[in-house]
Structure formats: C-alpha cells, structure tokens
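Heads up: the structure comes next, in structure tokens.
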Amino acid sequence: MKFSLTWLKDYLETTATVPEICDALNAIGLEVEGVEDPAEKLAGFRIAHVLTAARHPDADKLQVLTVDTGDGAPLQVVCGAPNARAGMKGVLGLPGATVPANGMVLRKSAIRGVESNGMMCSTRELELGDDHDGIIELPDDAPVGTAFADYHGSDPVIEVAVTPNRPDCMGVYGIARDLAAKGLGTLKPITMPAFTASGACPVEIRTDDPEGCPAFYGRVVKGVKNGPSPEWLQARLKSAGQRPISLLVDLTNYLMLGFGRPAHAYDLAKLSGAVVARRAKDGEEVLALNEKTYTLDTEMMVIADDNGVHDIAGIMGGEHSGVSEATTDVLLEIAYFDPARIGATGRKLGLSSDARTRFERGVDPEFLDQGLDLLTGLIVELAGGQPSEVVRAGSPPSEAKVVAFDPGQTLRLGGVDVAEAEQKRILESLGFAVGAGWQVTCPLRRHDIEGPADLVEEVVRIHGLDKVASVALPRVEGVARPTATPQQKLERGLRRAAAASGLNEAVTWSFLPTWAAEHFGSDQPLWVLANPISEDMKAMRPSLLPGLLMAAKRNADRGAASSRLFEIGRRYFRGANGLSDEKPTLGIVLAGEKTPKGWQSGKAKSFDAYDAKALALQLLEAAGAPVANLMVMGEAGAQFHPGQSATLRLGPKVVLARFGMVHPATLKAFDADGPIAAVELFLDAIPAKKGAAFARPGFTPPSLQAVTRDFAFLVPATLAAGDLVRAVQGADKASITAVRVFDVFAGQGVPEGHKSIAVEVTLQPGEASFKDADLKAIAEKVVAAAAKLGGELRG
Amino acid sequence: MTDITSQTEAALAAIAAATSLDALEAERLETLGKKGWVSLALKTLGGMSPEERTAAAPAIQSARASIADALDAKKAALEAAALEEQLARETVDLTLPAFAAPKGSVHPVSQVMDELAEIFADLGFAVATGPEIEDDWHNFTALNMDETHPARAMHDTFYFPDKTAEGREILLRTHTSPVQIRAMLDQGAPIRIIAPGRVYRSDSDATHTPMFHQVEGLVIDRDIHLGHLKWTLETFFKAFFEREDITLRLRPSYFPFTEPSVEVDVGYSTEGGRRVVGGHGDAPGHAWMELGGSGMVNARVLEFAGLDPMEWQGFAFGLGIDRIAMLKYGMNDLRAFFDGDPRWLAHYGFSPFDQPTLSAGVGARA
C-alpha cells in the first residue's frame, strides 16, 4: 500500500511528522517499506519567468531564452520545446540539479555553440506526468524564484506492507484508524457528499448463488459526463501508484484504495436484461480489462447479463461493459463475495488484482451502503448525473463475533501488564465494543479476530511491543543435559572425520535434472516436481553422487586441479502410505589429481578405487560400524566401473557402502573427465552402537611376543586376495591373529593364468612359546588352506 | 730405556699422522697387538728379577698407557671426522616442498547448525528433525493455513503430482514449522526443541535460492509468554555473535501459526561495507535488519498438534540459517553456498577441529 501524507491527513487529524508516523506504523505492525519525498527529487528546480525567446542561430527547432530566476542577472537557456515563449512561466533546472526521469545531472554547456545555463522541464522529465510535448506552463501568479518543490507541494509518499490478515488496512482510512488508536491523531468521520436519489433502479439485480455472493447492491446514475479526474483525485491515485484513467474509473479506484472497498461501474448502454451474480458455466469466456480472455468453469463466480459474462466477480471487470469517455449512464456494483470462492477462482485463473487481494482477505461487510453512497455522491459531485435508489439483492454477513476476554491474558500471553482501562481504550479505538464482563464484540471488518489471543495482539501492538520485557526461561538445575540423538552424533562425527580426511564438505541441491536423477535411479519411479523452477531442479535425488559429480565438473571447467567433495544429506524415496522415505547418506566424489606432479613423486596421480575403499572403511569405522566383519562384494551399481567397484556389506543383504571408480558411461553422461572415484555411505544401514558404558574392558596384552611367517602362493589369477586371506586366517584360529598381503605379482616367472600372492601371517603364542614342531604344524595348515583355493606354495 | 722412549715417540708420531682407521689399526697392531713391540716388551718383564722389573716396568707401562690413550683419542677423532663427512654427504635441500596432505573443511551451514545445537542445548532445547517431503496437512493445515488461506499461495510451494494414502497433497516443506507439529504430536508438552534443516520455495534471484536452510524453535509449557520469546532470542544471538550489545526490536506482524505474531529485527551498523550486528538500530550509524518471524503458538495449532490450549501455551520462531551464517562469517552470495567450489569451501569452510563448544566460544574466528 502506498499513499501520500496528504491523503492520510484527509482522514487523520494529526500534527505528527513523517518520521513519527513511520515509527508508529512500524510499531503497530504496518511495516514501512519506504518513504519517498518528491521534494528531494525536485531539489535544484525553480520557478522561472521567460523574458525573451529568439530563434537559435544554428538550429531551426531550438530557441534561445533569457529567463529570470528570481535572483541575479537573467540566465540564457537553450530550449527545444515548441511552447516556450516570452512571458510564460515554467520550471528551470539549474546546473547541478538531477533530472528525476533519467538521472542526468544538469551542467552549464554549449548547445550548437550557444551557452545554456540549465533546462526548462516537461512534466515527464520531472516524473509528474506523461506530457513531453512541451515544457511545463505555470499560472501567471506562480512566484518566480521559488523552489518548485515548495510551489508544487511537497507530499511525501509512504509505502507500507499490509499483512494478509488486515484487509481493513488495505485502504488509507483503515491505516488512519490504526494510527489514531496508537495516539497519532484523531480519526475524522468520512465526509459523505450529499445527493438526492430518485426513482427505482431501472436494472434488475440478482444473486443466483447466495453462497458465493451473499450480497449484491446496485444503483444506476444517468447523465454523467466522464472525463479526466480533478487534480486532487489524480494526485492521490498517483501517490498510490495508480495511473489515472477517467473520472468514473478513478472514483472506483479511490474507493478501493482509500477505503479498501472494491466496486465496479458498468456502462449501462452495454448491458441487457437483469444483472446477475452467478456461477460461470463450463467453458464460458470473458475478455477481461487486462485484454486477456479467460475460460471459466462452474467453480467461478461471475457477473453476467442476458448477453453473457461481464465480470469475473470480485477479481476483474470485463472489457466489453467497462466505462469509457462516451459513457453517460452507469450501473454501480458493490457486492460481498465469499472470500474462499474469490481465492479459488483467482488461483485457478492465475489472475491477481487489487480487488481480488481485498475480497479474498475479506472486505468490510458493513461498508456496502455507505461505500455505494460515497461513490455515488462523488460521481454526482464531479461528473453530474441523476442517481436512482439502491437496489439490494441478498445481504452481507451481519453477525458480529463476541469474544469472552480476560484482560489478565494480556500479561499471561503477551508478557506485559497493561491497565484494564487502557486495554478497553485500545480496543474501542479500533472499533471493538467492550461489554459487561469483558464480552468483546468485534467489528465485522476484522475477519482476523478469532479468540482472546487476537485481542491480546491488538492490545499489545497498540500498547507497544517495545514494552515487553525479557524474561529468562526457567532452566534445569546444574549443567545442561545432553540432547543429541545417536543419529545426530553419527552425522556430526562423520562430518568432521570426512573433513579431517582432506575432503571439503559441499551442500548441493536436493533436486536434479531428470536425466541425472534417472542415471542414478533405482527400480522406483523418480519423484519429480509438478511445478519445478527449472529443468535443472526437477527430480528429487536418489543419490548424492550426481550433485557432487556436477560440482566436480563445474570445478574442472573452472580449472580446478582436483575436487575432493563430500556431502551429508538425504536421498528421497517413496515410503509407506505415499509418504516419503528419506535416507541419510554420505557421498564422496574424488576427481582430478590425487597428487600433483612432484619432485619426489613424479607424474601427477589420479584417484583410484583403493582411495575410495580407504575412505569408505575409515569413515565407516568412524561411524562405529564393525569394519572387521564387513564383506567386500559386488553390485555397486551400473554407475560404477564393473571391475573397479564394490559394496561393503554386513552379511550378504545389508549394504553399508558402495565405492569405486565411476563408469565411463556415467562420466560421459555428466560430461566429466575421468578417472573419478566415488563413495556412498548409507548411514541408515549402519547398526546403532549398543548402549555401551564409559568404562572399557581391562587391558590385557599377551605376555609372549608374536612371531611372523611369510608365505607366497601361486594362485589362479581370478582368485580374490580376500578369499585367500580369509582362508589362511581360518587355518588356525587360535594362533593366527593377522594375515596381511604384502605382495601381489603376475608376469615373469609366474605361469599364465596365475598370480603370486605373498602374505605375512602373525602368530600369537598363548601360554607357552611356539616350538619348531608347533610352527611347522601351523605352516602346514596354512598351506593346506591355500591349497583348497588352488594355491600352491612357492619355493 | 732410550729405545723405548724413542720407539714410543715414533709410535705416537705415527698415530698422530694416521689418516684412516685402517692405518690406525695397523699402528695399534704394531704396538699393542699381540705381536706388537709394547706387548712383547711387557712380556719380557715376566722373565726379570724383581729389581730389574722395578727398574724397567715404569717405562714400558708408561709407553703402553700413552700409546693406548693416543690410539683411543685418534680413533675418536677419525670416527668423528668420518661421521661428519657422512652427514655432509647426506645433506638434503630442505627448501624443497614437503608432501602436503589435503586440508578438508566443514561447510558453514553445518558449522552454524552445530553452533545452534550447542547454544540451544545449554538452554535445554533438543534438536528435532522431520521429513523434507511433507504433506500439506503438516506444512499448512495444522499450521492454521487451510486450503483457502491466502498465505498458502504466498509460500511459492513446490508440489509433487502424488497424494498420500489419506489424499493429502505432497510437497517440499516450505518452512521447518511442520517439525513443530510432528514434535508436539510425538512428545506432547512441555517441550523445547529447535529444528534446523533444508526448506524449499519456488523462488530464485540474487538473494533467494529455491533451497535454503531454516531453524525452527519451539517452547511449550504452562506459562510461557512473549517476554520469554524475547529473552530466548536475545540470549541466543548474544551467544551466537559473542557480543553483549545485541539489541532486538519486536514488531507486530502476521503468521497464521502464531498469535500474537512478531517480526524480530536486530540493530546493526555498517563497517567496511559489511553489516555488523550489534547496538541499537536507532542509534547514529545504525539501522534495523529483519532476522525472522516468531510469536505465541496459535491456539488452533496447539489443537491440531493434540495439545489443550487451555493448559499449554508457548512460542515459536524461525530464522534463516544461511542468513545468520552470512552475517556472522561475512559471506555475501547465497548462491555460492550450493556450488561446491573447493576455493569457496576452503575460504569460508571450517577446520574439522573447530567443533563448537561453550567453553571455547561456539564461533570460529578467522
């Protein structure tokens, strides 16, 4: 809502300054979004008298003027306006002034060789109107030398944000009422211009849908003369950002912006038969005032006559029956529509308007007759004509809400002690009636009041939220108790462990381009937004890797040597009952150089699948997963290199992580350069730590020293080293505490189809040291275990 | 006698002249070795009479001792020289770069969420979570925004074509407030929670991203009022910005889920082109900046969440996490939060060891 100070003062008797008014508006919940003072824009422009005007020696369309600016010698000014002439008075911009319309700073200059000391201005240049055919012509009595801002009248414009619960403040009068309650002045009664109505309304008015349109009042005014509005009306509308159109249109806008009351004027000549508020028929069309055609359905309210729809009720009038310069007879409509119906219609049509905003939030049901009389009176006063009596169809809601209030609630809920008399004063100044026993009757315009808490809000906002003192929340005795859940602790710990491993935490979008989500999709259909903001943010991510891959690609495109990114976030799947199943996940992408070329290490190295494996295990261990029991299995997913990826599982079914090199096809789909390694940890699959105590088990190191023995086996090339290690480990569970691969070799000296795997076996003696025979027996078991897998001890 | 003396002098001279351990060893063998002349001379003492021995022994013994000492000293000197030479050979150029382990970082949003958790834990708040893909009942209806409520349309909601089994619309939560509802339904009252997380609005420009982060706060008890809300936010911001001069201004506003509703402004000044939180917004050089919305939980919301509004009341607030992170740590571009640029992450991210603690101050200084 924008309005000028003058307009506010039409309704509010006040001596308050603009800053005082703004402070008060903020304090009562009408947030000031800006104050515009035209005087500031007009600094440097003053009233000047053109003394002489002569043809420019070098330009046909220019004149050279001498102008009196009120002090000093007359100035020479070059001017191109056809209406510039000796004797006229106009507005001169002096060097240094900034032209409001284009921000140009005026300078003393030479135009076609003739010195010019400023510029005579048009209304458009000063943003006072659209006229640019000539310069401003002021009346003869305009005082030469006076600042134009002072002469023109400095009228600051205040813009406030009105919250959707306060349609009563979507008119200047309502704002004045709130300010008066705050003590900023006195609310003036509405000035009602007198007129005499005669004769019944010649048009039949009906509402065929009393639910959607409970009340429809009308009146005809015949013999009006439409034309431009008077200056005062134009000035007010302009201050609200509304372009003046014609007197009849401007007056309906004035009623809406001044009193929050939309109304409509039809050209009677364009109507035929009864004018009816009814539901639209399916497929009915209307050409609205915004010159767009809307197709309607039975859920929507319209105003129609025998010829068809003239108005999308409460939202926008029709092009066909709107008033024009030629209009002489008008039908005025003032109606009360069901707010929900207006909202639904507007949403369905995607059509916003000032009228819809007000009707949807709820106009004042008590302001139909008065609003219509005010509009009629102004029309008669300014456009002439003869008004008929009012015709009324239906009636607006009239049952006032009564709230049983306890003034003690202001302290209990609002935390501020306001004297009962003051509470009563505040409520009454806002139009509430405080009856016996604090039965508070609400004005009908206050649709937002539902119960006592709303009255507390009214009292507190007018009394002043600044008077609410801080009161400490009661706290538990002693030190605050821990609050984090196991899941929260897991994520916090993992985050810092990942960062400590040299990874940068990223936060990427939860939604992906459909192709990227599909590439990482599962058997479930993707969750795709019905109204995405763009094609790039459309499908909910089934994996954290696509977002990180896209980030790695952006980084590479920017010339980054490497990206080591991780993210902790959710993957989105469908759950039971149509609800979501959001799985906490940690994703890692390792792209570019693992190490740059170096004087020690030689060429730059890329990441490999073992880097991914190391991170997966390290982070799973940090998460408390039993990493010693994990199995390395396949099926990491089609997005991974089939020979260089794996899953880590706890048992055959529970997948805790997948890792490996990204598949070349995936790299191609993401237009990324490889090799890229990736890891995904499925945090919801990690078993929760059992309620462990603080105290750890006792420390009992073995009393005897462990010994190691090395074995090298020739095994089939396809044998997984892990299988050999597991077999060796199982050869003598009592003695073998560790088996570590320290060499893998194929090539010269190793038969085709085979490879050599060397392991170091750690043997831990129990009560007594190993004897040679013991060691020999264990070695034989190790060799036998390897033999079962086709392993043969190398000589 | 003179023999021994001259022989000793010759030996000592040879020892002094030795340039290698081998030469020294040869000299040792020549003198103190089994066949060395000193050893042989010592052996002759056994065949002497006591008188002869008394006369001859001191000279021989003395020769032996002086040669042995000289050998030891020379050996030590030669060894030291050899070591020195070896070390000199082993010198490396330490101006060459050492291997640098990559440094990781924690994202500012995560860091600030950890800070929030730490501060609010001290005030007795637990951290609650909820789904990001919500139904319209939790996101709107239970928050007193029924289907026709104009505020619904103002939320720029992302919808899915799906419906829940109950026929509810499925959407991306537009705020963290549905977690309030879930927490109250799950835990009842009294309750103190914060709920940080991702939220979504169909809005994108220089200062808005379609995904951002909010934190919700909720306190429900029997006698909680606006004064407690003000204290809680003041106390939080003082701890968060580690400044005592935090000044809040509450302004009446409107949210369907609170009544009364208040907008929270904080006073700030501008230093070096950056907003610095602190001071009174009306003081010279200061202004007010909107931080978030809050208010007393609407009685209808309590009813939807299964609480009796005659018994329970309390407050709720919502703050933008990205925004307070930017204010505290000086970022100026929200879009960069979601880009994954390692340069930005290294610049604005945090060391893994900057775990917020109350004793060290929750913030990490540059």
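By convention in this document, the chains of the structure tokens carry letters A, B, ... by their order, each chain's residues are numbered from 1, and ligands are numbered from 1 in the order they are shown.
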
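For Ala305 in chain B, the residues within 12 Å (counting only C-alpha atoms, excluding itself and residues fewer than 6 positions away along the chain) are B:Trp137, B:His138, B:Thr141, B:Ala142, B:Leu143, B:Asn144, B:Ser177, B:Pro178, B:Val179, B:Gln180, B:Ile181, B:Arg182, B:Ala183, B:Met184, B:Leu185, B:Asp186, B:Gln187, B:Gly188, B:Ala189, B:Ile220, B:Phe257, B:Val297, B:Asn298, B:Ala299, B:Trp312.
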
Quick one: residues within 12 Å of Pro143 in chain A, only C-alpha atoms counted, chain neighbours fewer than 6 positions away excluded, as an mmCIF file with N, CA and C atoms, in the first residue's frame?
data_model
loop_
_atom_site.group_PDB
_atom_site.id
_atom_site.type_symbol
_atom_site.label_atom_id
_atom_site.label_comp_id
_atom_site.auth_asym_id
_atom_site.auth_seq_id
_atom_site.Cartn_x
_atom_site.Cartn_y
_atom_site.Cartn_z
ATOM 1 N N ARG A 46 13.547 25.394 -10.042
ATOM 2 C CA ARG A 46 12.810 26.541 -9.501
ATOM 3 C C ARG A 46 11.945 27.209 -10.565
ATOM 4 N N ILE A 47 11.032 28.033 -10.078
ATOM 5 C CA ILE A 47 10.103 28.683 -10.996
ATOM 6 C C ILE A 47 10.827 29.834 -11.700
ATOM 7 N N ALA A 48 10.706 29.877 -12.996
ATOM 8 C CA ALA A 48 11.418 30.878 -13.779
ATOM 9 C C ALA A 48 10.456 31.571 -14.745
ATOM 10 N N HIS A 49 10.789 32.799 -15.078
ATOM 11 C CA HIS A 49 9.969 33.619 -15.977
ATOM 12 C C HIS A 49 10.737 33.815 -17.272
ATOM 13 N N ASP A 68 14.316 34.781 -16.090
ATOM 14 C CA ASP A 68 14.519 35.383 -14.772
ATOM 15 C C ASP A 68 14.311 34.289 -13.734
ATOM 16 N N THR A 69 15.327 34.063 -12.882
ATOM 17 C CA THR A 69 15.216 33.003 -11.875
ATOM 18 C C THR A 69 14.971 33.583 -10.491
ATOM 19 N N GLY A 70 14.698 34.893 -10.453
ATOM 20 C CA GLY A 70 14.370 35.486 -9.166
ATOM 21 C C GLY A 70 15.548 36.161 -8.510
ATOM 22 N N LYS A 89 5.627 31.345 -17.683
ATOM 23 C CA LYS A 89 6.354 30.897 -16.501
ATOM 24 C C LYS A 89 6.477 29.374 -16.548
ATOM 25 N N GLY A 90 7.656 28.896 -16.171
ATOM 26 C CA GLY A 90 7.900 27.454 -16.221
ATOM 27 C C GLY A 90 8.873 27.029 -15.141
ATOM 28 N N VAL A 91 9.393 25.832 -15.314
ATOM 29 C CA VAL A 91 10.287 25.261 -14.301
ATOM 30 C C VAL A 91 11.668 25.108 -14.902
ATOM 31 N N ASP A 150 8.470 23.456 -3.370
ATOM 32 C CA ASP A 150 7.597 24.138 -2.409
ATOM 33 C C ASP A 150 6.295 24.554 -3.076
ATOM 34 N N TYR A 151 6.426 25.057 -4.300
ATOM 35 C CA TYR A 151 5.242 25.515 -5.016
ATOM 36 C C TYR A 151 4.315 24.341 -5.357
ATOM 37 N N HIS A 152 4.940 23.279 -5.836
ATOM 38 C CA HIS A 152 4.182 22.116 -6.280
ATOM 39 C C HIS A 152 3.506 21.425 -5.097
#

Q) Counting only C-alpha atoms, which residues from chain B have an atom at most 7 Å from any atom of chain A, and could you show them as a count of residues only? A) 47

Would you list the contacts of Ala685 in chain A as a PDB file with C-alpha atoms, in the first residue's frame, taking every protein, DNA or RNA residue within 10 Å and counting only C-alpha atoms, but skipping same-chain residues closer than 3 positions in sequence?
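Once written, out-v7.pdb looks like this:
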ATOM      1  CA  LYS A 583      17.610 -41.829   3.778  1.00  0.00           C
ATOM      2  CA  PRO A 584      20.578 -40.144   5.437  1.00  0.00           C
ATOM      3  CA  THR A 585      23.597 -40.614   3.221  1.00  0.00           C
ATOM      4  CA  ALA A 625      30.476 -49.831  12.059  1.00  0.00           C
ATOM      5  CA  ARG A 649      28.253 -55.419   3.467  1.00  0.00           C
ATOM      6  CA  LEU A 650      27.417 -56.624   6.896  1.00  0.00           C
ATOM      7  CA  VAL A 654      22.942 -55.199   4.456  1.00  0.00           C
ATOM      8  CA  VAL A 655      24.862 -52.786   2.231  1.00  0.00           C
ATOM      9  CA  LEU A 656      26.676 -50.163   4.286  1.00  0.00           C
ATOM     10  CA  ALA A 657      28.556 -48.544   1.446  1.00  0.00           C
ATOM     11  CA  LEU A 681      27.783 -44.496   2.708  1.00  0.00           C
ATOM     12  CA  PHE A 682      24.255 -45.491   3.666  1.00  0.00           C
ATOM     13  CA  ALA A 688      23.473 -48.372  16.151  1.00  0.00           C
TER      14      ALA A 688
END

Q: Counting only C-alpha atoms, figure out which residue out of A:Ala326, A:Leu92, A:Ala785, A:Val35 gets nearest to Ser4 in chain A.
A: A:Val35

**Q.** alpha helix (DSSP H) positions in range 647-780 of chain A, given as a ChimeraX atom specification
**A.** /A:664-669,721-729,772-780

Q.
If DSSP is run on the backbone, what residues of range 521-616 of chain A are strand (DSSP E or B)? A reply as number ranges by chain would be ideal.
A. A: 528, 534, 537, 539-540, 562-574, 580-595, 598, 602, 605-606

Q: Fewer than 6 positions away in the same chain doesn't count, so skip those; otherwise give me all residues within 10 Å of Asn332 in chain B, counting only C-alpha atoms, as an NGL selection string.
A: :B and (207 or 274 or 323 or 326)

Q: Would you kindly return, as number ranges by chain, each protein, DNA or RNA residue with an atom no farther than 10 Å from any atom of Pro664 in chain A, considering only C-alpha atoms and excluding same-chain residues fewer than 2 positions away?
A: A: 639-641, 661-662, 666-670, 672-676

Please provide the set of residues having any atom within 12 Å of Ala17 in chain B, restricted to only C-alpha atoms, with same-chain residues fewer than 3 positions apart removed, written as a compact mmCIF listing (two decimals) with C-alpha atoms, in the first residue's frame.
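Printed below is part_9.txt as written:
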# COMPACT_ATOMS: atom_id res chain seq x y z
CA ALA B 10 107.93 -42.74 16.88
CA ALA B 11 104.68 -44.64 17.57
CA LEU B 12 102.93 -41.54 18.86
CA ALA B 13 104.03 -39.65 15.78
CA ALA B 14 102.72 -42.44 13.56
CA SER B 20 92.39 -43.60 8.39
CA LEU B 21 91.04 -46.10 10.82
CA ALA B 23 96.26 -47.05 9.33
CA LEU B 24 95.44 -46.55 12.96
CA GLU B 27 99.76 -48.93 14.23
CA ALA B 70 96.74 -41.78 21.80
CA LEU B 71 95.12 -44.62 19.85
CA LYS B 74 92.89 -40.65 17.43
CA LYS B 75 90.20 -43.26 16.82
CA LEU B 78 88.85 -40.15 12.98

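In this structure, CA of Leu382 in chain A sits 17.2 Å away from CA of His264 in chain A.
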
Q: Excluding Ser352 in chain A and residues on its chain fewer than 3 positions from it, collect all residues at most 12 Å away from it, counting only C-alpha atoms, and give them as number ranges by chain.
A: A: 290, 312, 314-316, 342-349, 355-360; B: 150, 153

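Atom pair CA of Lys653 in chain A / CA of Pro486 in chain A has a distance of 23.3 Å (rounded to one decimal).
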
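Closest to Thr762 in chain A among A:Asp710, A:Asp364, A:Glu780, A:Glu593 is A:Asp710, based on only C-alpha atoms.
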
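Straight-line separation from CA of Gly559 in chain A to CA of Lys603 in chain A: 18.4 Å.
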